[in-house]
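Peer 1: Here you go, input-v6.cif (mmCIF, C-alpha atoms):
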data_model
loop_
_atom_site.label_atom_id
_atom_site.label_comp_id
_atom_site.auth_asym_id
_atom_site.auth_seq_id
_atom_site.Cartn_x
_atom_site.Cartn_y
_atom_site.Cartn_z
CA MET X 1 40.22 -66.02 9.04
CA THR X 2 41.74 -62.88 7.52
CA ALA X 3 39.75 -60.43 5.43
CA GLN X 4 40.82 -60.30 1.81
CA VAL X 5 41.85 -56.74 0.98
CA LEU X 6 42.89 -57.43 -2.59
CA THR X 7 39.81 -58.61 -4.45
CA TYR X 8 39.41 -58.67 -8.20
CA ASP X 9 36.24 -58.15 -10.18
CA SER X 10 35.54 -58.89 -13.82
CA LEU X 11 32.70 -59.02 -16.30
CA SER X 12 31.50 -62.31 -17.69
CA LYS X 13 31.60 -62.76 -21.44
CA ALA X 14 27.77 -62.40 -21.52
CA ASP X 15 27.96 -59.12 -19.58
CA ARG X 16 30.66 -57.82 -21.93
CA MET X 17 28.45 -58.69 -24.92
CA GLN X 18 25.52 -56.74 -23.42
CA THR X 19 27.61 -53.69 -22.50
CA ALA X 20 28.27 -51.14 -25.21
CA LEU X 21 31.71 -49.62 -25.54
CA LEU X 22 31.90 -46.19 -23.97
CA GLY X 23 34.31 -44.79 -26.52
CA THR X 24 36.85 -42.10 -25.80
CA LEU X 25 35.63 -39.19 -23.73
CA MET X 26 36.43 -35.76 -25.11
CA ALA X 27 37.33 -32.75 -22.95
CA ASP X 28 33.90 -31.13 -23.25
CA ASP X 29 31.87 -34.33 -22.78
CA GLN X 30 29.55 -34.40 -19.81
CA PHE X 31 29.44 -37.67 -17.92
CA GLU X 32 26.26 -38.46 -16.00
CA LEU X 33 25.55 -41.37 -13.74
CA ARG X 34 21.88 -42.32 -13.64
CA VAL X 35 20.57 -44.78 -11.08
CA LYS X 36 17.07 -46.21 -11.36
CA HIS X 37 15.97 -47.48 -7.96
CA GLN X 38 13.68 -50.47 -7.40
CA ASP X 39 10.84 -48.17 -6.42
CA GLY X 40 11.11 -46.39 -9.78
CA ALA X 41 12.80 -43.26 -8.46
CA GLN X 42 15.78 -42.02 -10.46
CA THR X 43 18.88 -40.20 -9.34
CA THR X 44 21.22 -38.47 -11.77
CA GLN X 45 24.68 -37.23 -10.82
CA ILE X 46 27.02 -35.28 -13.09
CA LEU X 47 30.55 -36.55 -12.59
CA PRO X 48 33.63 -34.32 -12.81
CA PRO X 49 36.02 -34.97 -15.73
CA THR X 50 38.62 -36.69 -13.51
CA VAL X 51 36.04 -39.17 -12.24
CA ALA X 52 34.77 -39.70 -15.78
CA LYS X 53 38.31 -40.60 -16.91
CA MET X 54 38.61 -43.11 -14.05
CA VAL X 55 35.30 -44.71 -14.99
CA GLU X 56 36.38 -44.79 -18.65
CA ARG X 57 39.62 -46.61 -17.75
CA LEU X 58 37.74 -49.01 -15.48
CA LEU X 59 35.14 -49.86 -18.12
CA ASN X 60 37.73 -50.25 -20.88
CA SER X 61 39.71 -52.70 -18.72
CA LEU X 62 36.59 -54.69 -17.88
CA MET X 63 35.50 -54.78 -21.53
CA ARG X 64 38.90 -56.24 -22.50
CA GLY X 65 38.17 -59.07 -20.06
CA GLU X 66 40.73 -57.91 -17.53
CA ARG X 67 40.22 -58.35 -13.81
CA VAL X 68 40.38 -55.13 -11.80
CA ALA X 69 40.90 -54.22 -8.16
CA ILE X 70 40.18 -50.80 -6.71
CA LEU X 71 42.47 -49.77 -3.88
CA THR X 72 43.26 -46.51 -2.11
CA GLU X 73 46.83 -45.27 -1.79
CA ASP X 74 46.83 -45.35 2.03
CA GLN X 75 45.06 -48.70 2.25
CA GLU X 76 46.94 -51.14 4.42
CA LEU X 77 47.82 -54.56 3.04
CA SER X 78 48.73 -57.82 4.69
CA PRO X 79 52.00 -59.51 3.73
CA ASN X 80 49.95 -61.95 1.59
CA ASP X 81 48.36 -59.10 -0.39
CA ALA X 82 51.71 -57.31 -0.72
CA ALA X 83 53.25 -60.55 -1.99
CA ARG X 84 50.59 -60.84 -4.71
CA ILE X 85 51.27 -57.28 -5.88
CA LEU X 86 55.05 -57.64 -5.75
CA GLY X 87 55.12 -61.08 -7.33
CA ILE X 88 57.26 -62.53 -4.53
CA SER X 89 56.59 -64.93 -1.67
CA ARG X 90 55.03 -63.92 1.63
CA PRO X 91 58.19 -64.87 3.60
CA LEU X 92 60.24 -62.61 1.33
CA VAL X 93 57.79 -59.74 1.96
CA VAL X 94 58.18 -60.29 5.72
CA HIS X 95 61.97 -60.30 5.25
CA ARG X 96 61.76 -57.01 3.30
CA MET X 97 59.71 -55.58 6.18
CA GLU X 98 62.22 -56.74 8.78
CA ILE X 99 65.26 -55.31 6.96
CA GLY X 100 63.54 -51.96 6.42
CA ASP X 101 62.87 -52.16 2.67
CA LEU X 102 59.10 -52.07 3.24
CA PRO X 103 57.75 -49.84 6.03
CA PHE X 104 55.03 -51.48 8.08
CA ARG X 105 53.18 -51.27 11.36
CA HIS X 106 51.89 -53.91 13.71
CA VAL X 107 48.14 -54.31 14.20
CA GLY X 108 48.09 -56.67 17.13
CA ALA X 109 50.33 -59.53 16.03
CA HIS X 110 49.86 -58.77 12.32
CA ARG X 111 51.98 -56.67 9.98
CA ARG X 112 50.38 -54.10 7.68
CA ALA X 113 52.04 -52.05 4.92
CA ALA X 114 50.57 -49.07 3.06
CA LEU X 115 49.80 -49.64 -0.61
CA ARG X 116 51.91 -46.60 -1.56
CA ASP X 117 54.95 -48.23 0.12
CA VAL X 118 54.28 -51.57 -1.57
CA LEU X 119 54.04 -49.86 -4.97
CA ALA X 120 57.27 -47.90 -4.29
CA LEU X 121 59.03 -51.18 -3.51
CA LYS X 122 57.56 -52.70 -6.69
CA VAL X 123 59.10 -49.90 -8.77
CA LYS X 124 62.45 -50.55 -7.10
CA LEU X 125 62.25 -54.33 -7.58
CA ASP X 126 61.12 -53.96 -11.20
CA GLY X 127 64.14 -51.73 -11.88
CA GLN X 128 66.46 -54.26 -10.27
CA ARG X 129 64.92 -57.10 -12.29
CA ALA X 130 65.34 -55.13 -15.51
CA ALA X 131 68.99 -54.40 -14.68
CA MET X 132 69.64 -58.08 -13.88
CA GLU X 133 68.00 -59.18 -17.13
CA ALA X 134 70.15 -56.70 -19.08
CA LEU X 135 73.28 -58.03 -17.35
CA ALA X 136 72.27 -61.60 -18.12
CA GLU X 137 71.74 -60.70 -21.79
CA ASP X 138 75.17 -59.01 -21.90
CA ALA X 139 76.80 -62.05 -20.30
CA GLU X 140 75.10 -64.37 -22.77
CA ASP X 141 76.19 -62.15 -25.65
CA LEU X 142 79.79 -62.14 -24.41
CA ASN X 143 79.69 -65.91 -24.06
CA GLN X 144 78.34 -66.43 -27.57
CA ARG X 145 80.71 -63.93 -29.23
CA TYR X 146 83.93 -64.50 -27.33
CA GLY X 147 83.43 -67.67 -25.29
CA VAL X 148 83.94 -65.62 -22.13
#
Could you show the structure in this file as structure tokens?

Peer 2:
Amino acid sequence: MTAQVLTYDSLSKADRMQTALLGTLMADDQFELRVKHQDGAQTTQILPPTVAKMVERLLNSLMRGERVAILTEDQELSPNDAARILGISRPLVVHRMEIGDLPFRHVGAHRRAALRDVLALKVKLDGQRAAMEALAEDAEDLNQRYGV
């Protein structure tokens, strides 16, 4: 059984109701993380502004009921995980790997691609899809106006 790299988390409706909105962080706001341990001990950590912005985006997404996944740029993905991100089938991902569109490496008998490469391919595919949609709209317009 393969390990699932791409896992999504979300808040239940009850959890969202109990969680207050964070609001927008201002440049001079200090963001502290306080953890109260089971034994009663507390730990407080001041987070840098960049981390605070990441937490703000994460919480805002969760509060809107969105599912989130946290991945690192150099994390390696299986063809199944890459297919979910790209919105294409696993066999097509393997084909893209074989023709050189998606760099990968073998781990034993398995293929693995870096998230950064998968996202770069996604940008390319999204651009191609947008261009094809624009061409289809132009063709439809020509057909309706001139019967061409």

Peer 1: On this structure, the PyMOL selection byres ((chain X and resi 31) around 10) would catch which residues? List them as a count of residues only, sorted by chain and number.

Peer 2: 17

Peer 1: Care to translate the PyMOL selection byres ((chain X and resi 13) around 12) into actual residues of this file, as a PyMOL selection string?

Peer 2: chain X and resi 10-12+14-19+62-66

Peer 1: So how many Å separate atom CA of Glu76 of chain X and atom CA of Leu115 of chain X, to one decimal?

Peer 2: 6.0 Å

Peer 1: Measuring atom to atom with all atoms listed in the file, identify which of X:Asn60, X:Thr72, X:Thr43, X:Ser78 is nearest to Met97 of chain X.

Peer 2: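 Looking only at the distances to Met97 of chain X, the closest residue turns out to be X:Ser78.
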
Peer 1: How many Å lie between atom CA of Tyr8 of chain X and atom CA of Arg67 of chain X, rounded to one decimal?

Peer 2: 5.7 Å

Peer 1: Mind giving me the straight-line distance from atom CA of Leu86 of chain X to atom CA of Ala114 of chain X in Å, one decimal?

Peer 2: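 Distance reported for this atom pair: 13.1 Å.
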
Peer 1: Of the residues X:Asp9, X:Asp126, X:Asp81, X:Glu137, which is the one nearest to Ala113 of chain X, using only C-alpha atoms?

Peer 2: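 The shortest atom-to-atom distance to Ala113 of chain X comes from X:Asp81.
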
Peer 1: I need the residue set behind the PyMOL selection byres ((chain X and resi 119) around 12) for this file; please write it as a PDB file with C-alpha atoms, in the coordinates of the input.

Peer 2:
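Result file is out-v9.pdb:
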ATOM      1  CA  LEU X  71      42.470 -49.770  -3.880  1.00  0.00           C
ATOM      2  CA  THR X  72      43.260 -46.510  -2.110  1.00  0.00           C
ATOM      3  CA  GLU X  73      46.830 -45.270  -1.790  1.00  0.00           C
ATOM      4  CA  ASP X  74      46.830 -45.350   2.030  1.00  0.00           C
ATOM      5  CA  GLN X  75      45.060 -48.700   2.250  1.00  0.00           C
ATOM      6  CA  GLU X  76      46.940 -51.140   4.420  1.00  0.00           C
ATOM      7  CA  LEU X  77      47.820 -54.560   3.040  1.00  0.00           C
ATOM      8  CA  ASP X  81      48.360 -59.100  -0.390  1.00  0.00           C
ATOM      9  CA  ALA X  82      51.710 -57.310  -0.720  1.00  0.00           C
ATOM     10  CA  ALA X  83      53.250 -60.550  -1.990  1.00  0.00           C
ATOM     11  CA  ARG X  84      50.590 -60.840  -4.710  1.00  0.00           C
ATOM     12  CA  ILE X  85      51.270 -57.280  -5.880  1.00  0.00           C
ATOM     13  CA  LEU X  86      55.050 -57.640  -5.750  1.00  0.00           C
ATOM     14  CA  GLY X  87      55.120 -61.080  -7.330  1.00  0.00           C
ATOM     15  CA  ASP X 101      62.870 -52.160   2.670  1.00  0.00           C
ATOM     16  CA  LEU X 102      59.100 -52.070   3.240  1.00  0.00           C
ATOM     17  CA  PRO X 103      57.750 -49.840   6.030  1.00  0.00           C
ATOM     18  CA  ALA X 113      52.040 -52.050   4.920  1.00  0.00           C
ATOM     19  CA  ALA X 114      50.570 -49.070   3.060  1.00  0.00           C
ATOM     20  CA  LEU X 115      49.800 -49.640  -0.610  1.00  0.00           C
ATOM     21  CA  ARG X 116      51.910 -46.600  -1.560  1.00  0.00           C
ATOM     22  CA  ASP X 117      54.950 -48.230   0.120  1.00  0.00           C
ATOM     23  CA  VAL X 118      54.280 -51.570  -1.570  1.00  0.00           C
ATOM     24  CA  ALA X 120      57.270 -47.900  -4.290  1.00  0.00           C
ATOM     25  CA  LEU X 121      59.030 -51.180  -3.510  1.00  0.00           C
ATOM     26  CA  LYS X 122      57.560 -52.700  -6.690  1.00  0.00           C
ATOM     27  CA  VAL X 123      59.100 -49.900  -8.770  1.00  0.00           C
ATOM     28  CA  LYS X 124      62.450 -50.550  -7.100  1.00  0.00           C
ATOM     29  CA  LEU X 125      62.250 -54.330  -7.580  1.00  0.00           C
ATOM     30  CA  ASP X 126      61.120 -53.960 -11.200  1.00  0.00           C
TER      31      ASP X 126
END

Peer 1: Which centre and which edge lengths, in Å to one decimal, describe the axis-aligned box that holds all listed atoms of segment 86-104 of chain X after 8 Å is added on each side, as lines of an AutoDock Vina configuration file?

Peer 2:
center_x = 60.1
center_y = -57.4
center_z = 0.7
size_x = 26.2
size_y = 31.1
size_z = 32.1
